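Trainee: This is my_file33.pdb (PDB, C-alpha atoms).
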ATOM      1  CA  MET A 608     116.612  94.849  79.196
ATOM      2  CA  PRO A 609     116.236  92.566  82.263
ATOM      3  CA  GLU A 610     113.358  93.171  84.618
ATOM      4  CA  PRO A 611     114.299  95.361  87.613
ATOM      5  CA  PHE A 612     114.814  93.427  90.834
ATOM      6  CA  PRO A 613     114.822  94.519  94.495
ATOM      7  CA  LYS A 614     118.139  95.304  96.144
ATOM      8  CA  ILE A 615     119.495  95.487  99.661
ATOM      9  CA  GLU A 616     122.594  97.597 100.291
ATOM     10  CA  LEU A 617     124.452  97.090 103.566
ATOM     11  CA  HIS A 618     127.632  99.129 103.044
ATOM     12  CA  VAL A 619     127.382 102.730 101.897
ATOM     13  CA  HIS A 620     129.135 105.726 103.456
ATOM     14  CA  LEU A 621     126.665 108.595 103.386
ATOM     15  CA  GLU A 622     129.441 111.179 103.109
ATOM     16  CA  GLY A 623     130.649 109.365  99.993
ATOM     17  CA  THR A 624     127.243 109.436  98.269
ATOM     18  CA  VAL A 625     127.190 113.188  97.681
ATOM     19  CA  ARG A 626     127.469 113.889  93.943
ATOM     20  CA  PRO A 627     129.899 116.718  93.037
ATOM     21  CA  HIS A 628     127.248 119.335  92.146
ATOM     22  CA  THR A 629     125.482 118.786  95.494
ATOM     23  CA  LEU A 630     128.743 118.818  97.429
ATOM     24  CA  ARG A 631     129.642 122.151  95.827
ATOM     25  CA  ALA A 632     126.255 123.603  96.850
ATOM     26  CA  ILE A 633     126.656 122.384 100.449
ATOM     27  CA  ALA A 634     130.222 123.710 100.617
ATOM     28  CA  LYS A 635     129.075 127.100  99.312
ATOM     29  CA  ARG A 636     126.341 127.504 101.914
ATOM     30  CA  ASN A 637     128.862 126.526 104.639
ATOM     31  CA  ASP A 638     131.576 128.830 103.234
ATOM     32  CA  TYR A 639     133.933 125.864 102.819
ATOM     33  CA  ALA A 640     136.486 125.941 100.008
ATOM     34  CA  LEU A 641     136.642 122.929  97.688
ATOM     35  CA  PRO A 642     138.972 122.287  94.738
ATOM     36  CA  ASP A 643     137.420 123.327  91.427
ATOM     37  CA  ASP A 644     137.767 119.954  89.741
ATOM     38  CA  LEU A 645     136.351 117.399  92.164
ATOM     39  CA  GLU A 646     135.968 114.847  89.401
ATOM     40  CA  SER A 647     139.724 114.649  88.764
ATOM     41  CA  LEU A 648     140.322 114.557  92.521
ATOM     42  CA  TYR A 649     138.260 111.361  92.612
ATOM     43  CA  ARG A 650     140.811 109.460  90.512
ATOM     44  CA  PHE A 651     142.582 107.758  93.393
ATOM     45  CA  ARG A 652     146.205 106.687  93.371
ATOM     46  CA  ASP A 653     145.691 104.230  96.231
ATOM     47  CA  PHE A 654     143.695 103.727  99.422
ATOM     48  CA  ALA A 655     145.694 106.304 101.413
ATOM     49  CA  HIS A 656     144.999 108.919  98.721
ATOM     50  CA  PHE A 657     141.303 108.054  98.890
ATOM     51  CA  ILE A 658     141.308 108.712 102.658
ATOM     52  CA  GLU A 659     143.095 112.031 102.093
ATOM     53  CA  VAL A 660     140.447 113.137  99.579
ATOM     54  CA  TRP A 661     137.683 111.782 101.836
ATOM     55  CA  ILE A 662     138.796 114.059 104.685
ATOM     56  CA  LEU A 663     139.102 117.094 102.410
ATOM     57  CA  THR A 664     135.645 116.729 100.862
ATOM     58  CA  THR A 665     133.557 115.446 103.762
ATOM     59  CA  ASN A 666     134.576 118.356 105.977
ATOM     60  CA  ALA A 667     132.146 120.422 103.879
ATOM     61  CA  LEU A 668     129.291 118.782 105.820
ATOM     62  CA  ARG A 669     128.564 120.943 108.858
ATOM     63  CA  THR A 670     124.865 121.145 109.807
ATOM     64  CA  ALA A 671     121.897 118.944 110.654
ATOM     65  CA  GLU A 672     120.334 120.084 107.385
ATOM     66  CA  ASP A 673     123.411 118.843 105.482
ATOM     67  CA  PHE A 674     123.205 115.439 107.143
ATOM     68  CA  ARG A 675     119.452 115.154 106.581
ATOM     69  CA  GLN A 676     119.834 116.061 102.916
ATOM     70  CA  VAL A 677     122.622 113.541 102.370
ATOM     71  CA  VAL A 678     120.409 110.666 103.561
ATOM     72  CA  THR A 679     117.295 111.662 101.648
ATOM     73  CA  ASP A 680     119.201 112.388  98.435
ATOM     74  CA  TYR A 681     120.891 109.003  98.491
ATOM     75  CA  ALA A 682     117.690 107.172  99.401
ATOM     76  CA  GLY A 683     116.107 108.716  96.306
ATOM     77  CA  GLU A 684     119.047 107.633  94.159
ATOM     78  CA  ALA A 685     119.046 104.119  95.635
ATOM     79  CA  ALA A 686     115.279 103.814  95.157
ATOM     80  CA  SER A 687     115.785 104.555  91.454
ATOM     81  CA  HIS A 688     117.942 101.407  91.410
ATOM     82  CA  GLU A 689     115.200  99.380  93.163
ATOM     83  CA  ALA A 690     116.751  99.497  96.636
ATOM     84  CA  VAL A 691     114.313  98.594  99.395
ATOM     85  CA  TYR A 692     116.662  98.615 102.389
ATOM     86  CA  LEU A 693     119.943 100.385 103.238
ATOM     87  CA  GLU A 694     122.361 100.197 106.134
ATOM     88  CA  ALA A 695     124.199 103.483 105.872
ATOM     89  CA  ILE A 696     127.437 104.566 107.502
ATOM     90  CA  PHE A 697     128.549 107.957 108.775
ATOM     91  CA  SER A 698     131.626 109.035 110.735
ATOM     92  CA  PRO A 699     130.530 111.354 113.567
ATOM     93  CA  ALA A 700     133.785 111.794 115.496
ATOM     94  CA  GLU A 701     135.453 113.344 112.443
ATOM     95  CA  ARG A 702     132.720 116.004 112.270
ATOM     96  CA  VAL A 703     132.870 116.602 116.044
ATOM     97  CA  ALA A 704     136.616 117.235 115.725
ATOM     98  CA  ARG A 705     135.662 120.041 113.300
ATOM     99  CA  GLY A 706     133.347 121.641 115.847
ATOM    100  CA  VAL A 707     129.979 120.050 115.006
ATOM    101  CA  ALA A 708     127.839 118.877 117.946
ATOM    102  CA  TRP A 709     127.115 115.160 118.407
ATOM    103  CA  ASP A 710     123.357 115.652 118.541
ATOM    104  CA  GLU A 711     123.379 117.818 115.415
ATOM    105  CA  ILE A 712     125.077 114.987 113.518
ATOM    106  CA  PHE A 713     122.992 112.115 114.844
ATOM    107  CA  GLY A 714     119.758 114.103 114.788
ATOM    108  CA  GLY A 715     120.300 115.207 111.184
ATOM    109  CA  TYR A 716     121.039 111.705 109.924
ATOM    110  CA  CYS A 717     118.113 110.207 111.851
ATOM    111  CA  ASP A 718     115.774 112.889 110.464
ATOM    112  CA  GLY A 719     117.015 111.934 107.004
ATOM    113  CA  ALA A 720     116.345 108.238 107.583
ATOM    114  CA  GLU A 721     112.772 109.011 108.631
ATOM    115  CA  GLU A 722     112.240 111.248 105.608
ATOM    116  CA  ALA A 723     113.762 108.610 103.308
ATOM    117  CA  ARG A 724     111.042 106.174 104.316
ATOM    118  CA  GLU A 725     108.280 108.737 103.865
ATOM    119  CA  ARG A 726     109.470 110.189 100.536
ATOM    120  CA  HIS A 727     111.126 107.237  98.831
ATOM    121  CA  GLY A 728     109.787 104.106 100.527
ATOM    122  CA  VAL A 729     113.300 102.972 101.437
ATOM    123  CA  GLU A 730     114.032 101.631 104.906
ATOM    124  CA  VAL A 731     117.298 103.109 106.223
ATOM    125  CA  ARG A 732     119.183 101.935 109.286
ATOM    126  CA  LEU A 733     122.305 103.732 110.495
ATOM    127  CA  THR A 734     125.673 102.245 111.491
ATOM    128  CA  PRO A 735     128.113 104.966 112.619
ATOM    129  CA  ASP A 736     131.835 104.290 112.208
ATOM    130  CA  ILE A 737     134.599 104.742 114.728
ATOM    131  CA  PHE A 738     137.571 105.960 112.700
ATOM    132  CA  ARG A 739     140.825 104.055 112.955
ATOM    133  CA  GLY A 740     143.178 106.245 114.972
ATOM    134  CA  ALA A 741     140.376 107.472 117.247
ATOM    135  CA  THR A 742     141.178 107.721 120.943
ATOM    136  CA  ALA A 743     139.455 105.414 123.425
ATOM    137  CA  GLU A 744     137.349 108.396 124.538
ATOM    138  CA  GLN A 745     136.263 109.208 120.969
ATOM    139  CA  ALA A 746     135.390 105.567 120.329
ATOM    140  CA  GLU A 747     133.328 105.388 123.509
ATOM    141  CA  GLN A 748     131.467 108.578 122.604
ATOM    142  CA  VAL A 749     130.533 107.168 119.191
ATOM    143  CA  VAL A 750     129.113 104.102 120.939
ATOM    144  CA  ARG A 751     127.205 106.029 123.602
ATOM    145  CA  TYR A 752     125.619 108.438 121.123
ATOM    146  CA  SER A 753     124.762 105.515 118.866
ATOM    147  CA  ALA A 754     122.939 103.879 121.768
ATOM    148  CA  LYS A 755     121.152 107.163 122.527
ATOM    149  CA  TYR A 756     119.693 107.109 119.005
ATOM    150  CA  ARG A 757     118.823 103.396 118.865
ATOM    151  CA  GLU A 758     115.103 104.150 118.842
ATOM    152  CA  ARG A 759     115.622 106.336 115.767
ATOM    153  CA  GLY A 760     117.262 103.710 113.589
ATOM    154  CA  VAL A 761     120.877 103.312 114.741
ATOM    155  CA  VAL A 762     121.495  99.551 114.819
ATOM    156  CA  ALA A 763     125.256  98.986 114.958
ATOM    157  CA  VAL A 764     128.714 100.507 115.224
ATOM    158  CA  GLY A 765     131.514 100.035 112.705
ATOM    159  CA  LEU A 766     135.237 100.641 112.401
ATOM    160  CA  GLY A 767     136.634 102.332 109.285
ATOM    161  CA  GLY A 768     139.632 104.150 107.876
ATOM    162  CA  LEU A 769     143.288 103.170 107.580
ATOM    163  CA  GLU A 770     143.028  99.415 108.142
ATOM    164  CA  ALA A 771     146.669  98.544 107.515
ATOM    165  CA  GLU A 772     147.901 101.135 110.027
ATOM    166  CA  PHE A 773     145.384 100.450 112.815
ATOM    167  CA  PRO A 774     144.500  96.823 113.655
ATOM    168  CA  PRO A 775     141.124  96.093 115.252
ATOM    169  CA  GLU A 776     142.179  94.744 118.650
ATOM    170  CA  PRO A 777     142.650  98.097 120.487
ATOM    171  CA  TYR A 778     138.992  98.919 119.770
ATOM    172  CA  ALA A 779     137.694  95.831 121.587
ATOM    173  CA  PRO A 780     136.515  97.788 124.689
ATOM    174  CA  ALA A 781     134.329 100.082 122.565
ATOM    175  CA  PHE A 782     132.733  97.130 120.784
ATOM    176  CA  LYS A 783     132.187  95.297 124.062
ATOM    177  CA  LEU A 784     130.369  98.400 125.311
ATOM    178  CA  ALA A 785     128.341  98.529 122.079
ATOM    179  CA  ASP A 786     127.257  94.917 122.555
ATOM    180  CA  SER A 787     126.199  95.629 126.135
ATOM    181  CA  LEU A 788     124.056  98.516 124.856
ATOM    182  CA  GLY A 789     122.295  96.396 122.247
ATOM    183  CA  LEU A 790     124.256  97.520 119.185
ATOM    184  CA  GLY A 791     125.667  95.266 116.471
ATOM    185  CA  SER A 792     129.273  95.144 115.246
ATOM    186  CA  VAL A 793     130.031  95.852 111.564
ATOM    187  CA  PRO A 794     133.756  96.649 111.200
ATOM    188  CA  HIS A 795     135.679  97.074 107.969
ATOM    189  CA  ALA A 796     138.250  94.294 107.624
ATOM    190  CA  GLY A 797     140.017  92.395 104.880
ATOM    191  CA  GLU A 798     140.024  95.271 102.387
ATOM    192  CA  VAL A 799     143.632  96.519 102.373
ATOM    193  CA  ALA A 800     144.883  94.243 105.167
ATOM    194  CA  GLY A 801     144.877  90.462 105.166
ATOM    195  CA  PRO A 802     143.383  87.564 107.132
ATOM    196  CA  ALA A 803     144.805  88.699 110.491
ATOM    197  CA  SER A 804     142.649  91.826 110.264
ATOM    198  CA  VAL A 805     139.573  89.709 109.560
ATOM    199  CA  ARG A 806     140.288  87.367 112.467
ATOM    200  CA  GLY A 807     140.789  90.358 114.742
ATOM    201  CA  ALA A 808     137.424  91.788 113.687
ATOM    202  CA  LEU A 809     135.703  88.468 114.352
ATOM    203  CA  GLU A 810     137.396  87.631 117.634
ATOM    204  CA  ALA A 811     138.186  90.984 119.278
ATOM    205  CA  LEU A 812     135.241  92.986 117.946
ATOM    206  CA  GLY A 813     132.607  90.224 117.779
ATOM    207  CA  ALA A 814     131.718  91.153 114.200
ATOM    208  CA  ASP A 815     128.135  90.359 113.222
ATOM    209  CA  ARG A 816     129.059  91.092 109.612
ATOM    210  CA  LEU A 817     132.240  92.147 107.806
ATOM    211  CA  ARG A 818     132.538  95.155 105.555
ATOM    212  CA  HIS A 819     134.651  93.971 102.615
ATOM    213  CA  GLY A 820     136.377  90.853 103.977
ATOM    214  CA  ILE A 821     137.657  89.949 100.515
ATOM    215  CA  ARG A 822     141.248  89.257 101.591
ATOM    216  CA  SER A 823     139.944  86.345 103.650
ATOM    217  CA  ILE A 824     140.525  84.446 100.412
ATOM    218  CA  GLU A 825     144.227  84.335 101.307
ATOM    219  CA  ASP A 826     143.494  81.858 104.140
ATOM    220  CA  SER A 827     141.448  78.788 103.184
ATOM    221  CA  GLY A 828     140.783  77.956 106.831
ATOM    222  CA  LEU A 829     139.368  81.411 107.416
ATOM    223  CA  VAL A 830     137.154  81.121 104.325
ATOM    224  CA  ALA A 831     135.788  77.816 105.633
ATOM    225  CA  GLU A 832     135.181  79.428 109.033
ATOM    226  CA  LEU A 833     133.274  82.341 107.493
ATOM    227  CA  ALA A 834     131.132  79.926 105.494
ATOM    228  CA  GLY A 835     130.485  77.799 108.586
ATOM    229  CA  ARG A 836     129.550  80.815 110.710
ATOM    230  CA  GLY A 837     127.263  82.158 107.996
ATOM    231  CA  THR A 838     129.073  85.505 108.248
ATOM    232  CA  VAL A 839     127.946  87.911 105.545
ATOM    233  CA  LEU A 840     130.582  89.938 103.695
ATOM    234  CA  ASP A 841     129.578  93.344 102.318
ATOM    235  CA  VAL A 842     131.451  93.194  99.017
ATOM    236  CA  CYS A 843     131.947  96.375  96.969
ATOM    237  CA  PRO A 844     133.440  95.277  93.628
ATOM    238  CA  LEU A 845     133.899  98.647  91.927
ATOM    239  CA  SER A 846     135.193 100.306  95.100
ATOM    240  CA  ASN A 847     137.832  97.572  95.336
ATOM    241  CA  LEU A 848     138.805  98.289  91.745
ATOM    242  CA  ARG A 849     138.966 102.094  92.205
ATOM    243  CA  THR A 850     141.140 101.960  95.346
ATOM    244  CA  GLY A 851     143.460  99.316  93.951
ATOM    245  CA  ALA A 852     142.405  96.683  96.496
ATOM    246  CA  VAL A 853     142.061  94.365  93.476
ATOM    247  CA  GLU A 854     144.130  94.539  90.297
ATOM    248  CA  SER A 855     141.164  94.038  87.985
ATOM    249  CA  LEU A 856     137.510  93.109  88.204
ATOM    250  CA  GLU A 857     138.289  89.781  86.527
ATOM    251  CA  ARG A 858     140.638  88.926  89.399
ATOM    252  CA  HIS A 859     138.181  89.861  92.141
ATOM    253  CA  PRO A 860     137.852  87.090  94.780
ATOM    254  CA  LEU A 861     134.032  87.372  94.922
ATOM    255  CA  PRO A 862     133.275  84.274  92.811
ATOM    256  CA  GLU A 863     135.781  82.173  94.747
ATOM    257  CA  LEU A 864     134.316  83.285  98.076
ATOM    258  CA  ALA A 865     130.770  82.578  96.880
ATOM    259  CA  ALA A 866     131.767  79.163  95.531
ATOM    260  CA  ALA A 867     133.209  78.336  98.973
ATOM    261  CA  GLY A 868     129.814  79.040 100.545
ATOM    262  CA  VAL A 869     130.533  82.507 101.948
ATOM    263  CA  ARG A 870     127.478  84.774 101.842
ATOM    264  CA  CYS A 871     128.258  87.966  99.924
ATOM    265  CA  SER A 872     126.039  91.025  99.769
ATOM    266  CA  ILE A 873     126.822  93.760  97.225
ATOM    267  CA  SER A 874     127.185  97.473  97.908
ATOM    268  CA  THR A 875     128.637 100.653  96.433
ATOM    269  CA  ASP A 876     130.758 101.845  99.400
ATOM    270  CA  ASP A 877     131.221 105.484  98.215
ATOM    271  CA  PRO A 878     129.301 105.749  94.933
ATOM    272  CA  ALA A 879     129.929 109.428  94.186
ATOM    273  CA  MET A 880     133.644 109.076  94.801
ATOM    274  CA  PHE A 881     133.977 105.784  92.910
ATOM    275  CA  ASP A 882     131.854 106.737  89.894
ATOM    276  CA  THR A 883     129.390 103.921  90.457
ATOM    277  CA  ASP A 884     125.815 103.213  91.517
ATOM    278  CA  LEU A 885     123.951 100.254  92.963
ATOM    279  CA  SER A 886     122.947  98.825  89.575
ATOM    280  CA  ARG A 887     126.507  98.966  88.273
ATOM    281  CA  ASP A 888     127.903  97.137  91.295
ATOM    282  CA  TYR A 889     125.200  94.465  90.999
ATOM    283  CA  GLU A 890     126.047  94.148  87.288
ATOM    284  CA  ALA A 891     129.710  93.718  88.207
ATOM    285  CA  ALA A 892     128.771  90.928  90.622
ATOM    286  CA  ALA A 893     126.598  89.275  87.976
ATOM    287  CA  SER A 894     129.483  89.440  85.499
ATOM    288  CA  LEU A 895     131.461  87.406  88.045
ATOM    289  CA  GLY A 896     128.720  84.778  88.214
ATOM    290  CA  VAL A 897     126.983  85.860  91.433
ATOM    291  CA  SER A 898     123.222  86.097  90.926
ATOM    292  CA  PRO A 899     121.043  88.994  92.099
ATOM    293  CA  ARG A 900     118.855  86.524  93.987
ATOM    294  CA  ALA A 901     121.838  85.164  95.948
ATOM    295  CA  VAL A 902     122.950  88.726  96.668
ATOM    296  CA  TYR A 903     119.481  89.701  97.925
ATOM    297  CA  GLU A 904     119.334  86.645 100.170
ATOM    298  CA  ALA A 905     122.783  87.450 101.582
ATOM    299  CA  GLY A 906     121.649  91.014 102.228
ATOM    300  CA  LEU A 907     118.577  89.741 104.031
ATOM    301  CA  ALA A 908     120.704  87.395 106.144
ATOM    302  CA  GLY A 909     123.129  90.182 107.036
ATOM    303  CA  ALA A 910     120.645  92.981 107.760
ATOM    304  CA  LEU A 911     120.535  94.109 111.404
ATOM    305  CA  CYS A 912     116.957  95.366 111.293
ATOM    306  CA  ASP A 913     114.007  94.446 113.509
ATOM    307  CA  GLU A 914     112.082  91.260 112.753
ATOM    308  CA  GLU A 915     109.059  93.093 111.360
ATOM    309  CA  THR A 916     111.251  94.803 108.743
ATOM    310  CA  ARG A 917     113.115  91.566 108.021
ATOM    311  CA  GLU A 918     109.848  89.751 107.386
ATOM    312  CA  ARG A 919     108.739  92.498 105.006
ATOM    313  CA  LEU A 920     112.049  92.248 103.129
ATOM    314  CA  ARG A 921     111.684  88.464 103.021
ATOM    315  CA  ARG A 922     108.222  88.799 101.480
ATOM    316  CA  ILE A 923     109.576  91.219  98.867
ATOM    317  CA  GLY A 924     112.210  88.669  97.893
ATOM    318  CA  GLN A 925     109.760  85.777  97.817
ATOM    319  CA  SER A 926     107.221  87.644  95.711
ATOM    320  CA  HIS A 927     109.726  88.681  93.026
ATOM    321  CA  ASP A 928     110.079  86.533  89.924
ATOM    322  CA  TRP A 929     113.845  86.136  89.881
ATOM    323  CA  ASP A 930     113.794  84.209  86.608
ATOM    324  CA  ASP A 931     116.459  81.816  87.960
ATOM    325  CA  ARG A 932     118.980  84.651  88.201
TER     326      ARG A 932
END
Write the structure described by the file as structure tokens, please.
Mentor:
Amino acid sequence: MPEPFPKIELHVHLEGTVRPHTLRAIAKRNDYALPDDLESLYRFRDFAHFIEVWILTTNALRTAEDFRQVVTDYAGEAASHEAVYLEAIFSPAERVARGVAWDEIFGGYCDGAEEARERHGVEVRLTPDIFRGATAEQAEQVVRYSAKYRERGVVAVGLGGLEAEFPPEPYAPAFKLADSLGLGSVPHAGEVAGPASVRGALEALGADRLRHGIRSIEDSGLVAELAGRGTVLDVCPLSNLRTGAVESLERHPLPELAAAGVRCSISTDDPAMFDTDLSRDYEAAASLGVSPRAVYEAGLAGALCDEETRERLRRIGQSHDWDDR
């Protein structure tokens, strides 16, 4: 068995980390009805079906205690796979639409991030998503509450959801506001929509990093631009397989992107929903010829943490014997 190696994960939706038995317990205490067979529900027909199931299941999360538990539980799981740093996503406006208060959501997740460090030794930073289809007011509220909680570990704002139906450009004002408030930009792009979506994320949203980005491969000029910019892609191989974004793991564009000089970090996306974990996604990347060391270095380059944390992560990477992997 190979020696364990440190991992950085930059793309994980906290709502999608909740294993079925825990989700059932949370739903029960919140008197929220869930289908009996969650496991069969998680066999997705396509990306739209995944979003449908996402909405159904994540609405079980209602309280600050739920949000705190979700972070600490996943930090413990990730630590068991040698994770040292996570940038974790949550979607606050969806919970607010169900009657949950903004501060309850942000406070619960931030409490969880603090506890994750204390209990599991994992640094967690938070990157709330604006959902595609959100109104301008909802998008602005996500940004303003994110800025309110900057001192508690919120580092950036993302854009997630139905990419093909909602292009990035209309969300430019929210991301301009985020930049003015000291927040990074980490939109989803190039997962189920093509190069135009990626260009929109780069140009209209000022993306510091791209979540997915794999369909950039369809435009060689765009691939060269990403490599030249040093833009990090948060690639989630098994997620792409489960949602049908790629036909098979063997046909995943990861090795071609890496060979072109594009930096690619590796993440799980929604591990409970996609029947994966951090080790399995790293193994998938390795099977495609991308080394754990290269993945760690891409994660370090893409992380939006403070310099003190970055230096600590750099030292962890330098002190590990990667054995030329």
Trainee: Which one of A:Thr838, A:Ser804, A:Thr916, A:Ser926 sits closest to Gly760 (chain A) if you count all atoms listed in the file?
Mentor: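 Between A:Thr838, A:Ser804, A:Thr916, A:Ser926, the residue approaching Gly760 (chain A) most closely is A:Thr916.
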Trainee: Taking all atoms listed in the file into account, name the residue in A:Val762, A:Phe738, A:His618, A:Arg724 that is nearest to Leu817 (chain A).
Mentor: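 Smallest distance to Leu817 (chain A) is found for A:His618.
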Trainee: Please measure the separation of CA of His628 (chain A) and CA of Gly767 (chain A), giving the value in Å to one decimal.
Mentor: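 Here the two named atoms are 25.9 Å from each other.
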Trainee: How would you write, as a ChimeraX atom specification, the residues chosen by the PyMOL selection byres ((chain A and resi 802) around 7) on this structure?
Mentor: /A:797,801,803-806,822-823,825-826
Trainee: Got time to write the residues from that selection, C-alpha atoms, as a JSON list (two decimals), in the coordinates of the input?
Mentor:
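Output file selection-v4.json follows:
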[["chain", "number", "residue", "atom", "x", "y", "z"],
["A", 797, "GLY", "CA", 140.02, 92.40, 104.88],
["A", 801, "GLY", "CA", 144.88, 90.46, 105.17],
["A", 803, "ALA", "CA", 144.80, 88.70, 110.49],
["A", 804, "SER", "CA", 142.65, 91.83, 110.26],
["A", 805, "VAL", "CA", 139.57, 89.71, 109.56],
["A", 806, "ARG", "CA", 140.29, 87.37, 112.47],
["A", 822, "ARG", "CA", 141.25, 89.26, 101.59],
["A", 823, "SER", "CA", 139.94, 86.34, 103.65],
["A", 825, "GLU", "CA", 144.23, 84.34, 101.31],
["A", 826, "ASP", "CA", 143.49, 81.86, 104.14]]
Trainee: With distances taken over only C-alpha atoms, which of A:Arg650, A:Arg669, A:Arg759, A:Arg887 is nearest to Trp709 (chain A)?
Mentor: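 So, comparing all the options, the nearest one is A:Arg669.
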Trainee: Enter the distance from CA of Tyr649 (chain A) to CA of Met880 (chain A), in Å, rounded to one decimal.
Mentor: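 Those two atoms sit 5.6 Å apart.
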Trainee: Please write as a ChimeraX atom specification the full residue list that the PyMOL selection byres ((chain A and resi 875) around 10) yields on this file.
Mentor: /A:616-620,623-624,841-847,873-874,876-889
Trainee: Would you write out those residues with C-alpha atoms, as an mmCIF file, in the coordinates of the input?
Mentor:
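Okay, this is what ended up in selection_4.cif:
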data_model
loop_
_atom_site.group_PDB
_atom_site.id
_atom_site.type_symbol
_atom_site.label_atom_id
_atom_site.label_comp_id
_atom_site.auth_asym_id
_atom_site.auth_seq_id
_atom_site.Cartn_x
_atom_site.Cartn_y
_atom_site.Cartn_z
ATOM 1 C CA GLU A 616 122.594 97.597 100.291
ATOM 2 C CA LEU A 617 124.452 97.090 103.566
ATOM 3 C CA HIS A 618 127.632 99.129 103.044
ATOM 4 C CA VAL A 619 127.382 102.730 101.897
ATOM 5 C CA HIS A 620 129.135 105.726 103.456
ATOM 6 C CA GLY A 623 130.649 109.365 99.993
ATOM 7 C CA THR A 624 127.243 109.436 98.269
ATOM 8 C CA ASP A 841 129.578 93.344 102.318
ATOM 9 C CA VAL A 842 131.451 93.194 99.017
ATOM 10 C CA CYS A 843 131.947 96.375 96.969
ATOM 11 C CA PRO A 844 133.440 95.277 93.628
ATOM 12 C CA LEU A 845 133.899 98.647 91.927
ATOM 13 C CA SER A 846 135.193 100.306 95.100
ATOM 14 C CA ASN A 847 137.832 97.572 95.336
ATOM 15 C CA ILE A 873 126.822 93.760 97.225
ATOM 16 C CA SER A 874 127.185 97.473 97.908
ATOM 17 C CA ASP A 876 130.758 101.845 99.400
ATOM 18 C CA ASP A 877 131.221 105.484 98.215
ATOM 19 C CA PRO A 878 129.301 105.749 94.933
ATOM 20 C CA ALA A 879 129.929 109.428 94.186
ATOM 21 C CA MET A 880 133.644 109.076 94.801
ATOM 22 C CA PHE A 881 133.977 105.784 92.910
ATOM 23 C CA ASP A 882 131.854 106.737 89.894
ATOM 24 C CA THR A 883 129.390 103.921 90.457
ATOM 25 C CA ASP A 884 125.815 103.213 91.517
ATOM 26 C CA LEU A 885 123.951 100.254 92.963
ATOM 27 C CA SER A 886 122.947 98.825 89.575
ATOM 28 C CA ARG A 887 126.507 98.966 88.273
ATOM 29 C CA ASP A 888 127.903 97.137 91.295
ATOM 30 C CA TYR A 889 125.200 94.465 90.999
#
Trainee: With a distance cut-off of 8 Å and only C-alpha atoms, select the neighbouring residues of region 904-914 of chain A, excluding the residue or stretch itself and same-chain residues fewer than 4 positions from it, and output the selection as a PyMOL selection string.
Mentor: chain A and resi 615-617+694+732+762-763+791+815-816+838-839+870-873+900+918+920-921+924
Trainee: Can you list, as an MDAnalysis selection string, the residues that the PyMOL selection byres ((chain A and resi 710) around 10) selects here?
Mentor: chainID A and resid 671 699 703 707:709 711:716 752 755:756
Trainee: Quick one: pull the distance between CA of Pro613 (chain A) and CA of Val691 (chain A), Å, one decimal.
Mentor: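 Going from CA of Pro613 (chain A) over to CA of Val691 (chain A) covers 6.4 Å.
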Trainee: As JSON, please report the centre and edge lengths, rounded to one decimal in Å, of the axis-aligned box that holds all listed atoms of region 681-692 of chain A with 6 Å of padding on each of the six sides.
Mentor:
{"center_x": 117.6, "center_y": 103.8, "center_z": 96.9, "size_x": 18.6, "size_y": 22.4, "size_z": 23.0}
Trainee: Do a neighbour search on Ala865 (chain A) at 10 Å with all atoms listed in the file, toss out local chain neighbours closer than 6 positions, and write the hits as a list in words.
Mentor: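 After dropping sequence-adjacent residues, the list is Val830, Ala834, Cys871, Gly896, Val897, Ala901 and Val902 of chain A.
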Trainee: Near Ala811 (chain A), within 6 Å and counting only C-alpha atoms, which residues show up once chain neighbours fewer than 4 positions away are dropped, as a ChimeraX atom specification?
Mentor: /A:776,779,807
Trainee: When you count only C-alpha atoms, which of these residues is closest to Val660 (chain A): A:Ser647, A:Glu915, A:Glu722, A:Leu621?
Mentor: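 When distances to Val660 (chain A) are compared using only C-alpha atoms, the smallest one comes from A:Ser647.
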Trainee: Can you pull out every residue within 10 Å of Leu895 (chain A), counting only C-alpha atoms, but drop anything in the same chain fewer than 5 positions away, and send it as a list in words?
Mentor: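 These residues fall inside the cut-off: Pro844, Leu856, Glu857, Arg858, His859, Pro860, Leu861, Pro862, Glu863, Tyr889 and Glu890 of chain A.
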Trainee: Give me the residues within 12 Å of Thr664 (chain A) as a short mmCIF file (atom, residue, chain, number, x, y, z; two decimals) with C-alpha atoms, keeping the file's coordinate frame, counting all atoms listed in the file and dropping any in the same chain fewer than 6 places off.
Mentor:
data_model
loop_
_atom_site.label_atom_id
_atom_site.label_comp_id
_atom_site.auth_asym_id
_atom_site.auth_seq_id
_atom_site.Cartn_x
_atom_site.Cartn_y
_atom_site.Cartn_z
CA GLU A 622 129.44 111.18 103.11
CA GLY A 623 130.65 109.36 99.99
CA THR A 624 127.24 109.44 98.27
CA VAL A 625 127.19 113.19 97.68
CA ARG A 626 127.47 113.89 93.94
CA PRO A 627 129.90 116.72 93.04
CA THR A 629 125.48 118.79 95.49
CA LEU A 630 128.74 118.82 97.43
CA ARG A 631 129.64 122.15 95.83
CA ILE A 633 126.66 122.38 100.45
CA ALA A 634 130.22 123.71 100.62
CA TYR A 639 133.93 125.86 102.82
CA ALA A 640 136.49 125.94 100.01
CA LEU A 641 136.64 122.93 97.69
CA PRO A 642 138.97 122.29 94.74
CA ASP A 643 137.42 123.33 91.43
CA ASP A 644 137.77 119.95 89.74
CA LEU A 645 136.35 117.40 92.16
CA GLU A 646 135.97 114.85 89.40
CA LEU A 648 140.32 114.56 92.52
CA TYR A 649 138.26 111.36 92.61
CA PHE A 657 141.30 108.05 98.89
CA ILE A 658 141.31 108.71 102.66
CA ARG A 702 132.72 116.00 112.27
CA ALA A 879 129.93 109.43 94.19
CA MET A 880 133.64 109.08 94.80
#
Trainee: Nearest to Glu659 (chain A) among A:Leu769, A:Gly851, A:Gly789, A:Ala632, with distances taken over all atoms listed in the file: which residue is it?
Mentor: A:Leu769
